[in-house]
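One file, start14.txt, carrying compact mmCIF, C-alpha atoms:
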# COMPACT_ATOMS: atom_id res chain seq x y z
CA MET F 1 0.00 0.00 0.00
CA ASN F 2 1.51 3.33 -0.93
CA PRO F 3 1.88 6.10 1.68
CA ILE F 4 -0.98 8.25 0.39
CA ARG F 5 -3.44 5.38 0.53
CA LYS F 6 -2.13 4.37 3.92
CA ARG F 7 -2.74 7.87 5.23
CA ARG F 8 -6.27 7.90 3.76
CA LEU F 9 -7.01 4.59 5.44
CA GLN F 10 -5.70 5.90 8.77
CA LEU F 11 -7.86 9.00 8.43
CA ILE F 12 -10.93 6.87 7.75
CA VAL F 13 -10.22 4.71 10.78
CA PHE F 14 -9.85 7.78 12.99
CA ALA F 15 -13.00 9.38 11.62
CA LEU F 16 -14.93 6.14 12.13
CA ALA F 17 -13.62 5.77 15.68
CA GLY F 18 -14.80 9.33 16.36
CA VAL F 19 -18.24 8.66 14.98
CA VAL F 20 -18.59 5.41 16.92
CA ALA F 21 -17.52 7.14 20.13
CA THR F 22 -19.99 9.98 19.59
CA ALA F 23 -22.80 7.56 18.84
CA ALA F 24 -21.95 5.45 21.89
CA VAL F 25 -21.93 8.47 24.20
CA SER F 26 -25.19 9.84 22.85
CA LEU F 27 -26.80 6.42 23.09
CA VAL F 28 -25.82 6.11 26.74
CA ALA F 29 -27.23 9.60 27.31
CA LEU F 30 -30.41 8.74 25.45
CA ARG F 31 -30.76 5.41 27.15
CA GLN F 32 -33.10 6.82 29.76
CA ASN F 33 -35.53 8.03 27.13
CA ILE F 34 -35.09 5.59 24.28
CA ASP F 35 -36.44 2.64 26.23
CA HIS F 36 -39.84 1.85 24.92
CA PHE F 37 -41.37 1.13 28.30
CA TYR F 38 -40.95 1.08 32.07
CA PRO F 39 -40.57 -2.45 33.45
CA PRO F 40 -42.64 -3.40 36.53
CA HIS F 41 -39.83 -2.90 39.07
CA ARG F 42 -39.46 0.74 38.02
CA ILE F 43 -43.21 1.31 38.37
CA VAL F 44 -43.19 -0.27 41.83
CA SER F 45 -40.09 1.64 42.97
CA GLY F 46 -41.69 4.93 42.02
CA ASP F 47 -39.25 5.73 39.19
CA ALA F 48 -42.08 6.26 36.75
CA PRO F 49 -43.76 9.69 36.74
CA VAL F 50 -47.33 9.87 38.01
CA GLU F 51 -50.19 11.25 35.88
CA VAL F 52 -47.95 11.53 32.80
CA ARG F 53 -48.58 9.53 29.64
CA ILE F 54 -46.02 6.73 29.73
CA ARG F 55 -45.55 3.20 28.48
CA ALA F 56 -45.07 0.27 30.80
CA GLY F 57 -44.65 -3.40 30.10
CA GLY F 58 -44.39 -6.82 31.62
CA TYR F 59 -45.86 -10.32 31.53
CA VAL F 60 -49.55 -10.85 32.17
CA GLU F 61 -49.80 -12.56 35.57
CA PRO F 62 -51.70 -15.86 35.13
CA GLY F 63 -55.11 -15.78 36.78
CA SER F 64 -55.05 -12.03 37.31
CA ILE F 65 -57.35 -11.03 34.43
CA GLU F 66 -60.67 -9.77 35.80
CA ARG F 67 -63.36 -8.65 33.39
CA GLU F 68 -66.02 -6.20 34.50
CA ALA F 69 -69.55 -7.54 34.51
CA GLU F 70 -70.64 -4.97 31.91
CA GLY F 71 -68.73 -3.42 29.04
CA LEU F 72 -65.21 -4.06 27.90
CA GLY F 73 -63.48 -3.04 31.11
CA VAL F 74 -60.67 -5.32 32.22
CA ARG F 75 -58.08 -5.36 34.99
CA PHE F 76 -54.93 -7.41 35.11
CA LEU F 77 -51.50 -7.57 36.75
CA LEU F 78 -48.27 -7.10 34.82
CA THR F 79 -45.26 -8.79 36.39
CA ASP F 80 -41.53 -9.06 35.65
CA ARG F 81 -41.59 -12.67 36.94
CA ALA F 82 -39.15 -11.54 39.64
CA GLY F 83 -41.49 -10.30 42.32
CA ALA F 84 -42.53 -6.87 41.06
CA SER F 85 -45.99 -6.35 39.59
CA PHE F 86 -48.57 -3.59 39.13
CA GLN F 87 -52.23 -3.47 38.25
CA VAL F 88 -53.58 -2.15 34.96
CA ALA F 89 -57.12 -1.00 34.20
CA TYR F 90 -58.17 -0.88 30.55
CA ASP F 91 -61.41 -0.26 28.72
CA GLY F 92 -61.33 -1.50 25.14
CA LEU F 93 -60.56 -4.34 22.74
CA LEU F 94 -57.52 -6.44 23.57
CA PRO F 95 -55.18 -7.64 20.77
CA SER F 96 -55.52 -11.31 19.89
CA LEU F 97 -52.10 -12.12 21.27
CA PHE F 98 -52.94 -10.74 24.69
CA LYS F 99 -52.84 -13.85 26.87
CA GLU F 100 -51.79 -14.96 30.31
CA ASP F 101 -48.02 -15.30 30.71
CA GLN F 102 -47.40 -13.33 27.50
CA GLY F 103 -45.62 -9.99 27.26
CA SER F 104 -47.73 -6.86 27.03
CA ILE F 105 -47.10 -3.13 26.66
CA VAL F 106 -49.61 -0.68 28.09
CA VAL F 107 -49.82 3.03 27.26
CA GLY F 108 -51.50 5.36 29.69
CA ARG F 109 -51.16 7.17 33.01
CA LEU F 110 -50.06 5.90 36.39
CA ALA F 111 -52.41 7.07 39.14
CA GLU F 112 -51.21 8.14 42.60
CA ASP F 113 -52.49 4.90 44.13
CA GLY F 114 -50.32 2.80 41.78
CA LEU F 115 -53.11 1.76 39.40
CA PHE F 116 -52.09 2.10 35.74
CA LYS F 117 -54.96 3.45 33.65
CA ALA F 118 -54.23 2.26 30.11
CA ASP F 119 -55.75 3.74 26.97
CA GLN F 120 -53.88 1.34 24.71
CA VAL F 121 -52.76 -2.26 25.23
CA LEU F 122 -50.24 -3.90 22.88
CA ALA F 123 -49.23 -7.54 22.89
CA ARG F 124 -45.53 -8.25 22.87
CA HIS F 125 -44.43 -11.42 21.18
CA ASP F 126 -41.30 -13.23 22.29
CA GLU F 127 -38.66 -14.70 20.00
CA ASN F 128 -40.06 -18.24 20.13
CA TYR F 129 -41.75 -19.73 17.10
CA THR F 130 -43.51 -22.98 17.92
CA PRO F 131 -46.02 -25.02 15.93
CA PRO F 132 -49.36 -25.68 17.70
CA GLU F 133 -48.57 -29.40 18.12
CA LEU F 134 -45.70 -28.50 20.42
CA LYS F 135 -47.76 -26.23 22.64
CA ASP F 136 -47.33 -28.46 25.68
CA LEU F 137 -43.60 -27.99 25.60
CA ASP F 138 -42.12 -24.95 27.24
CA THR F 139 -39.02 -24.97 25.13
CA ILE F 140 -38.19 -26.25 21.71
CA PRO F 141 -36.27 -29.51 21.84
CA MET A 1 -58.17 -8.02 11.75
CA ARG A 2 -60.88 -10.68 11.86
CA ASP A 3 -59.43 -12.55 8.91
CA PRO A 4 -55.65 -12.73 9.17
CA SER A 5 -55.27 -14.43 5.81
CA PHE A 6 -55.84 -11.08 4.07
CA TYR A 7 -52.81 -9.70 5.88
CA ILE A 8 -50.67 -12.68 5.01
CA TRP A 9 -51.58 -12.49 1.34
CA SER A 10 -50.97 -8.76 1.22
CA ALA A 11 -47.54 -9.19 2.81
CA TYR A 12 -46.56 -11.80 0.21
CA ALA A 13 -48.03 -9.77 -2.65
CA ILE A 14 -46.06 -6.67 -1.62
CA CYS A 15 -42.95 -8.81 -1.28
CA VAL A 16 -43.31 -10.30 -4.77
CA LEU A 17 -43.98 -6.85 -6.20
CA VAL A 18 -40.92 -5.29 -4.56
CA LEU A 19 -38.70 -8.22 -5.54
CA ALA A 20 -39.95 -8.03 -9.13
CA CYS A 21 -39.05 -4.33 -9.20
CA ILE A 22 -35.61 -5.06 -7.72
CA ALA A 23 -34.97 -7.78 -10.30
CA LEU A 24 -36.45 -6.11 -13.39
CA ARG A 25 -35.32 -2.52 -12.94
CA PRO A 26 -31.61 -3.19 -13.64
CA LEU A 27 -32.49 -5.20 -16.76
CA ALA A 28 -34.64 -2.35 -18.06
CA SER A 29 -32.01 0.27 -17.32
CA LEU A 30 -29.37 -1.86 -19.05
CA ARG A 31 -31.51 -1.86 -22.20
CA THR A 32 -31.92 1.91 -22.02
CA ALA A 33 -28.23 2.44 -21.35
CA LYS A 34 -27.26 0.22 -24.28
CA ARG A 35 -29.68 1.99 -26.65
CA ARG A 36 -28.35 5.41 -25.64
CA ALA A 37 -24.75 4.25 -25.94
CA ARG A 38 -25.43 2.89 -29.43
CA LYS A 39 -26.98 6.21 -30.47
CA LEU A 40 -24.07 8.13 -29.03
CA GLN A 41 -21.48 5.90 -30.68
CA ASN A 42 -23.23 6.20 -34.04
CA GLN A 43 -23.20 9.99 -33.69
CA LEU A 44 -19.49 9.88 -32.85
CA VAL A 45 -18.87 7.75 -35.94
CA ASP A 46 -20.91 10.12 -38.13
CA HIS A 47 -18.92 13.10 -36.91
CA ALA A 48 -15.59 11.40 -37.52
CA MET K 1 -2.16 -19.95 -13.26
CA VAL K 2 -3.34 -16.39 -13.00
CA SER K 3 -1.84 -14.56 -10.07
CA LEU K 4 -4.08 -12.94 -7.48
CA SER K 5 -2.99 -9.42 -8.37
CA THR K 6 -3.85 -10.03 -12.03
CA ILE K 7 -7.35 -11.07 -11.01
CA PHE K 8 -7.59 -7.98 -8.83
CA HIS K 9 -6.61 -5.63 -11.64
CA ARG K 10 -8.58 -7.41 -14.30
CA SER K 11 -11.73 -7.44 -12.24
CA GLY K 12 -11.24 -3.71 -11.89
CA SER K 13 -11.43 -3.39 -15.64
CA SER K 14 -14.80 -2.33 -16.96
CA ARG K 15 -14.80 -4.58 -19.97
CA PHE K 16 -13.77 -7.66 -18.03
CA PHE K 17 -16.58 -7.06 -15.54
CA PHE K 18 -19.16 -6.32 -18.20
CA GLN K 19 -18.52 -9.56 -20.05
CA GLY K 20 -17.67 -11.79 -17.09
CA SER K 21 -20.77 -10.90 -15.07
CA VAL K 22 -23.32 -12.13 -17.65
CA ALA K 23 -23.14 -15.79 -16.65
CA TRP K 24 -23.16 -14.93 -12.93
CA ILE K 25 -26.27 -12.78 -13.30
CA ARG K 26 -28.11 -15.48 -15.21
CA TRP K 27 -27.40 -18.15 -12.59
CA LEU K 28 -28.10 -15.88 -9.66
CA TYR K 29 -31.48 -14.88 -11.12
CA VAL K 30 -32.42 -18.50 -11.88
CA ALA K 31 -31.34 -19.70 -8.42
CA GLY K 32 -32.99 -16.76 -6.68
CA ILE K 33 -36.34 -17.16 -8.43
CA LEU K 34 -36.40 -20.94 -7.92
CA LEU K 35 -35.53 -20.67 -4.23
CA LEU K 36 -38.08 -17.91 -3.66
CA VAL K 37 -40.88 -19.79 -5.42
CA VAL K 38 -40.15 -22.87 -3.29
CA GLY K 39 -39.66 -20.84 -0.12
CA MET K 40 -42.80 -18.75 -0.49
CA ILE K 41 -45.06 -21.70 -1.34
CA TRP K 42 -43.55 -23.59 1.58
CA GLY K 43 -44.04 -20.62 3.87
CA LEU K 44 -47.59 -19.89 2.72
CA PHE K 45 -49.04 -23.38 2.49
CA PHE K 46 -46.84 -25.96 4.20
CA ALA K 47 -45.19 -24.37 7.21
CA PRO K 48 -47.23 -24.69 10.43
CA ALA K 49 -48.95 -21.75 12.09
CA ASP K 50 -47.42 -20.47 15.30
CA ARG K 51 -49.13 -21.56 18.50
CA LEU K 52 -49.71 -17.95 19.60
CA GLN K 53 -49.45 -15.78 16.49
CA GLY K 54 -51.43 -18.24 14.39
CA GLU K 55 -51.33 -17.72 10.64
CA SER K 56 -49.69 -14.28 10.87
CA ALA K 57 -46.39 -15.98 11.65
CA ARG K 58 -46.11 -16.73 7.91
CA ILE K 59 -45.30 -13.06 7.30
CA MET K 60 -41.99 -13.73 9.04
CA PHE K 61 -40.80 -15.73 5.99
CA VAL K 62 -40.66 -12.57 3.91
CA HIS K 63 -40.04 -10.05 6.69
CA VAL K 64 -36.89 -11.63 8.12
CA PRO K 65 -34.99 -11.99 4.80
CA ALA K 66 -35.98 -8.45 3.72
CA ALA K 67 -34.79 -6.95 7.01
CA HIS K 68 -31.60 -9.05 6.99
CA LEU K 69 -30.73 -8.14 3.40
CA SER K 70 -31.52 -4.44 3.94
CA GLN K 71 -28.78 -4.37 6.57
CA LEU K 72 -26.34 -6.56 4.63
CA VAL K 73 -26.66 -4.36 1.53
CA TYR K 74 -25.90 -1.30 3.65
CA LEU K 75 -22.81 -2.98 5.09
CA ALA K 76 -21.71 -3.82 1.53
CA ILE K 77 -22.12 -0.16 0.53
CA ALA K 78 -20.12 0.94 3.59
CA ALA K 79 -17.35 -1.56 2.79
CA ALA K 80 -17.33 -0.31 -0.80
CA GLY K 81 -17.08 3.21 0.61
CA VAL K 82 -13.87 2.32 2.46
CA VAL K 83 -12.42 0.72 -0.66
CA TRP K 84 -13.37 3.74 -2.77
CA LEU K 85 -11.89 6.25 -0.30
CA VAL K 86 -8.60 4.37 -0.26
CA TRP K 87 -8.21 3.01 -3.80
CA ARG K 88 -10.61 5.18 -5.84
CA MET K 89 -11.70 2.20 -7.94
CA LYS K 90 -14.40 3.11 -10.41
CA LEU K 91 -16.21 -0.22 -10.22
CA VAL K 92 -16.57 0.16 -6.46
CA ASP K 93 -18.25 3.53 -6.95
CA ILE K 94 -20.57 1.92 -9.50
CA CYS K 95 -21.31 -0.83 -6.99
CA MET K 96 -22.40 1.74 -4.39
CA THR K 97 -24.62 3.46 -6.94
CA ALA K 98 -26.23 0.17 -7.96
CA LEU K 99 -26.83 -1.10 -4.42
CA ALA K 100 -28.49 1.96 -2.87
CA PRO K 101 -31.93 1.69 -4.56
CA ILE K 102 -32.00 -2.08 -3.96
CA GLY K 103 -31.30 -1.60 -0.26
CA CYS K 104 -33.90 1.15 -0.08
CA ALA K 105 -36.56 -1.13 -1.58
CA LEU K 106 -35.64 -3.94 0.83
CA THR K 107 -35.87 -1.63 3.84
CA GLY K 108 -39.28 -0.43 2.67
CA LEU K 109 -40.34 -4.05 2.31
CA ALA K 110 -39.10 -4.87 5.81
CA LEU K 111 -41.03 -1.92 7.28
CA ALA K 112 -44.20 -2.72 5.33
CA SER K 113 -44.22 -6.45 6.09
CA GLY K 114 -43.40 -5.69 9.71
CA ALA K 115 -46.38 -3.34 9.95
CA ILE K 116 -48.64 -5.95 8.35
CA TRP K 117 -47.43 -8.46 10.95
CA GLY K 118 -47.71 -5.96 13.79
CA ILE K 119 -51.36 -5.03 13.22
CA PRO K 120 -52.82 -8.46 14.14
CA THR K 121 -50.03 -9.43 16.54
CA TRP K 122 -49.11 -6.37 18.57
CA GLY K 123 -52.29 -4.43 17.98
CA THR K 124 -50.42 -1.67 16.11
CA GLY K 125 -48.48 -1.35 12.85
CA TRP K 126 -46.00 1.21 14.13
CA VAL K 127 -44.43 2.21 17.43
CA TRP K 128 -41.43 4.43 18.08
CA ASP K 129 -39.34 1.73 19.67
CA ALA K 130 -35.59 1.49 19.12
CA ARG K 131 -35.69 -1.34 16.56
CA LEU K 132 -38.38 0.20 14.37
CA THR K 133 -36.99 3.71 14.63
CA SER K 134 -33.44 2.67 13.72
CA THR K 135 -34.82 0.77 10.72
CA LEU K 136 -36.66 3.90 9.65
CA VAL K 137 -33.36 5.77 9.99
CA LEU K 138 -31.81 3.15 7.69
CA PHE K 139 -34.55 3.86 5.14
CA PHE K 140 -33.76 7.58 5.27
CA LEU K 141 -30.03 6.86 4.99
CA TYR K 142 -30.68 4.98 1.76
CA ILE K 143 -32.75 7.88 0.45
CA GLY K 144 -29.89 10.17 1.44
CA LEU K 145 -27.39 8.05 -0.49
CA ILE K 146 -29.59 8.09 -3.60
CA ALA K 147 -30.24 11.83 -3.30
CA LEU K 148 -26.55 12.65 -2.79
CA ARG K 149 -25.65 10.66 -5.86
CA GLY K 150 -28.24 12.51 -7.89
CA ALA K 151 -27.57 15.96 -6.47
CA LEU K 152 -23.80 16.20 -6.83
CA ALA K 153 -22.43 16.78 -10.28
CA GLY K 154 -19.26 14.89 -11.10
CA ASN K 155 -18.72 11.29 -10.20
CA GLN K 156 -15.72 11.94 -7.94
CA ARG K 157 -17.47 14.40 -5.63
CA ALA K 158 -20.64 12.34 -5.51
CA ALA K 159 -18.69 9.17 -4.79
CA MET K 160 -16.78 10.92 -2.01
CA ALA K 161 -19.99 12.17 -0.38
CA VAL K 162 -21.73 8.81 -0.75
CA SER K 163 -18.75 6.93 0.73
CA ILE K 164 -18.59 9.17 3.76
CA LEU K 165 -22.34 9.06 4.41
CA ALA K 166 -22.31 5.27 3.98
CA LEU K 167 -19.47 4.92 6.50
CA VAL K 168 -20.99 7.21 9.09
CA GLY K 169 -24.38 5.54 8.71
CA ALA K 170 -22.88 2.10 9.26
CA VAL K 171 -23.09 2.81 13.01
CA ASN K 172 -26.86 2.58 12.60
CA ILE K 173 -26.57 -1.06 11.54
CA ARG K 174 -25.01 -1.89 14.93
CA ILE K 175 -27.83 0.02 16.61
CA ILE K 176 -30.48 -1.94 14.69
CA LYS K 177 -28.79 -5.21 15.58
CA TYR K 178 -28.42 -4.56 19.30
CA SER K 179 -31.48 -2.33 19.83
CA VAL K 180 -33.53 -5.33 20.98
CA ASP K 181 -30.88 -6.30 23.53
CA TRP K 182 -29.92 -2.83 24.79
CA PHE K 183 -33.37 -1.33 25.14
CA ALA K 184 -36.81 -2.42 26.23
CA THR K 185 -38.40 -2.67 22.79
CA LEU K 186 -41.78 -3.87 21.62
CA HIS K 187 -39.96 -5.79 18.89
CA GLN K 188 -38.89 -9.24 20.07
CA PRO K 189 -35.18 -10.17 20.22
CA GLY K 190 -33.69 -12.19 17.39
CA SER K 191 -34.83 -15.81 17.14
CA ILE K 192 -31.63 -16.93 15.46
CA THR K 193 -28.38 -16.04 17.16
CA LEU K 194 -24.80 -17.08 16.60
CA GLY K 195 -23.59 -19.51 19.22
CA GLY K 196 -26.96 -20.59 20.55
CA PRO K 197 -29.81 -22.87 19.56
CA PRO K 198 -32.44 -21.05 17.48
CA ALA K 199 -35.66 -20.16 19.31
CA MET K 200 -37.56 -21.44 16.31
CA ALA K 201 -38.83 -24.91 15.55
CA PRO K 202 -37.21 -26.61 12.49
CA ALA K 203 -40.57 -26.48 10.69
CA PHE K 204 -40.15 -22.66 10.55
CA LEU K 205 -36.39 -22.67 10.16
CA TRP K 206 -36.24 -24.57 6.85
CA PRO K 207 -38.61 -22.46 4.73
CA LEU K 208 -37.02 -19.36 6.27
CA ALA K 209 -33.55 -20.57 5.25
CA VAL K 210 -34.73 -21.22 1.67
CA ASN K 211 -36.22 -17.73 1.45
CA VAL K 212 -33.12 -16.08 2.93
CA LEU K 213 -30.93 -17.88 0.38
CA GLY K 214 -33.29 -16.89 -2.42
CA PHE K 215 -33.20 -13.23 -1.35
CA HIS K 216 -29.40 -13.35 -1.28
CA ALA K 217 -29.18 -14.80 -4.78
CA LEU K 218 -31.73 -12.45 -6.33
CA VAL K 219 -30.26 -9.36 -4.66
CA ALA K 220 -26.73 -10.32 -5.72
CA GLY K 221 -27.92 -10.90 -9.30
CA ALA K 222 -29.87 -7.63 -9.38
CA ALA K 223 -26.86 -5.76 -7.97
CA LEU K 224 -24.55 -7.13 -10.69
CA ALA K 225 -27.14 -6.34 -13.37
CA ALA K 226 -27.55 -2.80 -12.06
CA MET K 227 -23.76 -2.37 -12.06
CA ARG K 228 -23.63 -3.38 -15.73
CA ALA K 229 -26.31 -0.82 -16.61
CA GLU K 230 -24.52 1.94 -14.68
CA LEU K 231 -21.21 0.98 -16.32
CA VAL K 232 -22.55 1.26 -19.88
CA GLN K 233 -24.26 4.52 -19.02
CA ARG K 234 -21.06 6.08 -17.68
CA ASP K 235 -18.72 4.69 -20.30
CA ALA K 236 -21.09 5.23 -23.25
CA ARG K 237 -18.46 7.11 -25.23
CA THR K 238 -15.55 4.74 -24.66
CA ASP K 239 -13.96 2.32 -27.07
CA TRP K 240 -14.73 -0.76 -25.03
CA VAL K 241 -18.46 -0.03 -25.09
CA ARG K 242 -18.27 0.46 -28.85
CA SER K 243 -16.59 -2.88 -29.38
CA VAL K 244 -18.92 -4.66 -26.90
CA LEU K 245 -22.03 -3.20 -28.53
CA ASN K 246 -20.72 -3.83 -32.07
CA VAL K 247 -21.41 -0.38 -33.42
CA GLY K 248 -19.45 1.74 -35.86
CA PRO K 249 -16.38 0.67 -37.75
CA LYS K 250 -14.44 -2.20 -36.31
CA GLN K 251 -11.07 -1.34 -34.90
CA ALA K 252 -8.17 -2.63 -36.94
CA PRO K 253 -6.83 -5.86 -35.46
Mind converting the file's structure to structure tokens?
Amino acid sequence: MNPIRKRRLQLIVFALAGVVATAAVSLVALRQNIDHFYPPHRIVSGDAPVEVRIRAGGYVEPGSIEREAEGLGVRFLLTDRAGASFQVAYDGLLPSLFKEDQGSIVVGRLAEDGLFKADQVLARHDENYTPPELKDLDTIP
Amino acid sequence: MRDPSFYIWSAYAICVLVLACIALRPLASLRTAKRRARKLQNQLVDHA
Amino acid sequence: MVSLSTIFHRSGSSRFFFQGSVAWIRWLYVAGILLLVVGMIWGLFFAPADRLQGESARIMFVHVPAAHLSQLVYLAIAAAGVVWLVWRMKLVDICMTALAPIGCALTGLALASGAIWGIPTWGTGWVWDARLTSTLVLFFLYIGLIALRGALAGNQRAAMAVSILALVGAVNIRIIKYSVDWFATLHQPGSITLGGPPAMAPAFLWPLAVNVLGFHALVAGAALAAMRAELVQRDARTDWVRSVLNVGPKQAP
């Protein structure tokens, strides 16, 4: 490689290293805001702002879904499967993938008493793809 | 949302359409480029 | 025996590339179309439904290869950008020009098929989570590359600008890849990872593999074909194009 080309290559490497460093720093700075949702432990610990429109997410606690006698109202618990959980109240149609033990994202406001009033519920799918015949298995062999 | 098959078909149809564009566009532009080059070369020959 | 450096220099020659690529393009198109026909029919009619997503899981067979290729094509452009900045090879510049619209179309396809999957599965076609947003940024980067190429007069200046933008934007590919691990995203983490068993039953894995291979072949073929078109367009006045196209008086032997 001749000297001119070598210098060009060095310049590129330096410029790239600079860009990567800048991006890394800004990502770390943004990290607080770029997360799509607050996990249950941050809702429980009081990290999440009250009465501000936020997103929160977790797994639907099995057996916690209570439907109101009239209308579409529903209440359920979202858990991180590690002890922390919070209750969500929602009035509307649930996505078809919304099921017990599945991930869910809720958009809405956290009330002072810790109840999350959702105006939108999204189902979160995990990375597992399993045919229906294997539904009894927890993991793919 | 009641009938998911519509969504599946639309996804595949869009995919085939986009892939057809990706595959056919270069062939079409090669034809155009060749035709223009031929015209240009003929002009150059005429001027010489 | 042809030495490596001869191959390197010859492949840099426009005429050698123009004539040598014909057979490659033909086979890549044939292989790509065959694989995609098999893969799509397999994915649509023979692969099982997912136990939770149901039939919508079939969208994955076109979404995953489109998203994968959209990132791979960008990495190829960025690598070509490094080579152009150091060696100023014309064919490499042509390669960047040819790849940008292909990558743009693939990114659009990934976003569209993802939205179609998201509507029945998540309950929404679009959210501003890190994975989706960084993919949208990729789409804009491609548009930027195409616009820069069109806006700057003179191949050298345009190639310089495109190379630099491609290199800087390559950071975004890392962000797309790791967004699902670094941040709490609505998008699920990758099902297939290096150094771990895939989180996908073999019944899904096989048709997906066929489609991914088909996408690779078709995109590679289309890229070579687009390079040929760009090459003839740029070199329209040169002697090699004249002799390849068989126009005008033949040169004396």
Give me, as CSV, each residue of chain K that comes within 9 Å of chain A, together with its shortest interatomic pair and the distance in Å at one decimal, counting all atoms listed in the file, with rows ordered by chain and rising residue number.
residue,atom,partner,partner_atom,distance
K:Tyr29,CA,A:Ala23,CA,8.0
K:Met40,CA,A:Tyr12,CA,7.9
K:Leu44,CA,A:Ile8,CA,8.2
K:Gly54,CA,A:Pro4,CA,8.7
K:Glu55,CA,A:Pro4,CA,6.8
K:Ser56,CA,A:Ile8,CA,6.2
K:Ala57,CA,A:Ile8,CA,8.6
K:Arg58,CA,A:Ile8,CA,6.8
K:Ile59,CA,A:Ile8,CA,5.9
K:Val62,CA,A:Cys15,CA,6.8
K:His63,CA,A:Ala11,CA,8.5
K:Ala66,CA,A:Cys15,CA,8.6
K:Ala98,CA,A:Pro26,CA,8.5
K:Pro101,CA,A:Ile22,CA,8.3
K:Ile102,CA,A:Ile22,CA,6.0
K:Ala105,CA,A:Val18,CA,6.7
K:Leu106,CA,A:Val18,CA,7.7
K:Gly108,CA,A:Val18,CA,8.9
K:Leu109,CA,A:Cys15,CA,6.5
K:Ala110,CA,A:Cys15,CA,9.0
K:Ala112,CA,A:Ala11,CA,7.7
K:Ser113,CA,A:Ala11,CA,5.4
K:Gly114,CA,A:Ala11,CA,8.8
K:Ile116,CA,A:Tyr7,CA,6.1
K:Trp117,CA,A:Tyr7,CA,7.5
K:Ile119,CA,A:Met1,CA,7.6
K:Pro120,CA,A:Met1,CA,5.9
K:Phe215,CA,A:Leu19,CA,8.5
K:Leu218,CA,A:Ala23,CA,6.9
K:Val219,CA,A:Ile22,CA,7.5
K:Gly221,CA,A:Ala23,CA,7.8
K:Ala222,CA,A:Ala23,CA,5.2
K:Ala223,CA,A:Pro26,CA,7.8
K:Leu224,CA,A:Pro26,CA,8.6
K:Ala225,CA,A:Pro26,CA,5.5
K:Ala226,CA,A:Pro26,CA,4.4
K:Met227,CA,A:Pro26,CA,8.0
K:Arg228,CA,A:Leu30,CA,6.8
K:Ala229,CA,A:Leu30,CA,4.0
K:Glu230,CA,A:Leu30,CA,7.6
K:Leu231,CA,A:Ala33,CA,8.8
K:Val232,CA,A:Ala33,CA,6.0
K:Gln233,CA,A:Ala33,CA,5.1
K:Arg234,CA,A:Ala33,CA,8.8
K:Asp235,CA,A:Ala37,CA,8.3
K:Ala236,CA,A:Ala37,CA,4.6
K:Arg237,CA,A:Gln41,CA,6.3
K:Thr238,CA,A:Gln41,CA,8.5
K:Val241,CA,A:Ala37,CA,7.7
K:Arg242,CA,A:Gln41,CA,6.6
K:Leu245,CA,A:Arg38,CA,7.0
K:Asn246,CA,A:Arg38,CA,8.6
K:Val247,CA,A:Arg38,CA,6.5
K:Gly248,CA,A:Val45,CA,6.0
K:Pro249,CA,A:Val45,CA,7.7
Ref. answer, residues at most 12 Å from (-17.7, 13.8, -6.0) with all atoms listed in the file, as JSON, numbers by chain: {"K": [84, 85, 88, 93, 148, 149, 150, 151, 152, 153, 154, 155, 156, 157, 158, 159, 160, 161, 162, 163, 164]}
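We find CA of Ile105 (chain F) and CA of Val74 (chain F) to be spaced 14.8 Å apart.
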Who sits within 9 Å of region 8-25 of chain F, all atoms listed in the file, same chain under 5 positions skipped, as a count of residues only: 10
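Here CA of Leu186 (chain K) and CA of Gly118 (chain K) stand 10.0 Å from one another.
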For CA of Glu100 (chain F) and CA of Phe204 (chain K), the interatomic separation in Å (one decimal): 24.2 Å
Polymer residues at most 12 Å from Tyr74 (chain K), all atoms listed in the file, same-chain spacing of 5 or more positions, as a ChimeraX atom specification: /K:67-69,79-81,95-107,135,138-143,145,162-163,165-174,176
Residue list for chain F near chain K as a ChimeraX atom specification, 7 Å, all atoms listed in the file: /F:5,8-9,16,19-20,34-37,95-97,122-132,135,140
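Look at region 56-59 of chain F: the protein and nucleic acid residues within 9 Å of it, using all atoms listed in the file and passing over chain neighbours fewer than 3 places away, are F:His36, F:Phe37, F:Tyr38, F:Pro39, F:Pro40, F:Ile43, F:Ala48, F:Pro62, F:Leu77, F:Leu78, F:Thr79, F:Asp80, F:Arg81, F:Ser85, F:Glu100, F:Asp101, F:Gln102, F:Gly103, F:Ser104, F:Ile105, F:Val106, F:Val107, F:Gly108, F:Phe116, F:Arg124, K:Ala184, K:Leu186.
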Would you output that residue set with C-alpha atoms, as a compact mmCIF listing (two decimals), keeping the file's coordinate frame?
# COMPACT_ATOMS: atom_id res chain seq x y z
CA HIS F 36 -39.84 1.85 24.92
CA PHE F 37 -41.37 1.13 28.30
CA TYR F 38 -40.95 1.08 32.07
CA PRO F 39 -40.57 -2.45 33.45
CA PRO F 40 -42.64 -3.40 36.53
CA ILE F 43 -43.21 1.31 38.37
CA ALA F 48 -42.08 6.26 36.75
CA PRO F 62 -51.70 -15.86 35.13
CA LEU F 77 -51.50 -7.57 36.75
CA LEU F 78 -48.27 -7.10 34.82
CA THR F 79 -45.26 -8.79 36.39
CA ASP F 80 -41.53 -9.06 35.65
CA ARG F 81 -41.59 -12.67 36.94
CA SER F 85 -45.99 -6.35 39.59
CA GLU F 100 -51.79 -14.96 30.31
CA ASP F 101 -48.02 -15.30 30.71
CA GLN F 102 -47.40 -13.33 27.50
CA GLY F 103 -45.62 -9.99 27.26
CA SER F 104 -47.73 -6.86 27.03
CA ILE F 105 -47.10 -3.13 26.66
CA VAL F 106 -49.61 -0.68 28.09
CA VAL F 107 -49.82 3.03 27.26
CA GLY F 108 -51.50 5.36 29.69
CA PHE F 116 -52.09 2.10 35.74
CA ARG F 124 -45.53 -8.25 22.87
CA ALA K 184 -36.81 -2.42 26.23
CA LEU K 186 -41.78 -3.87 21.62
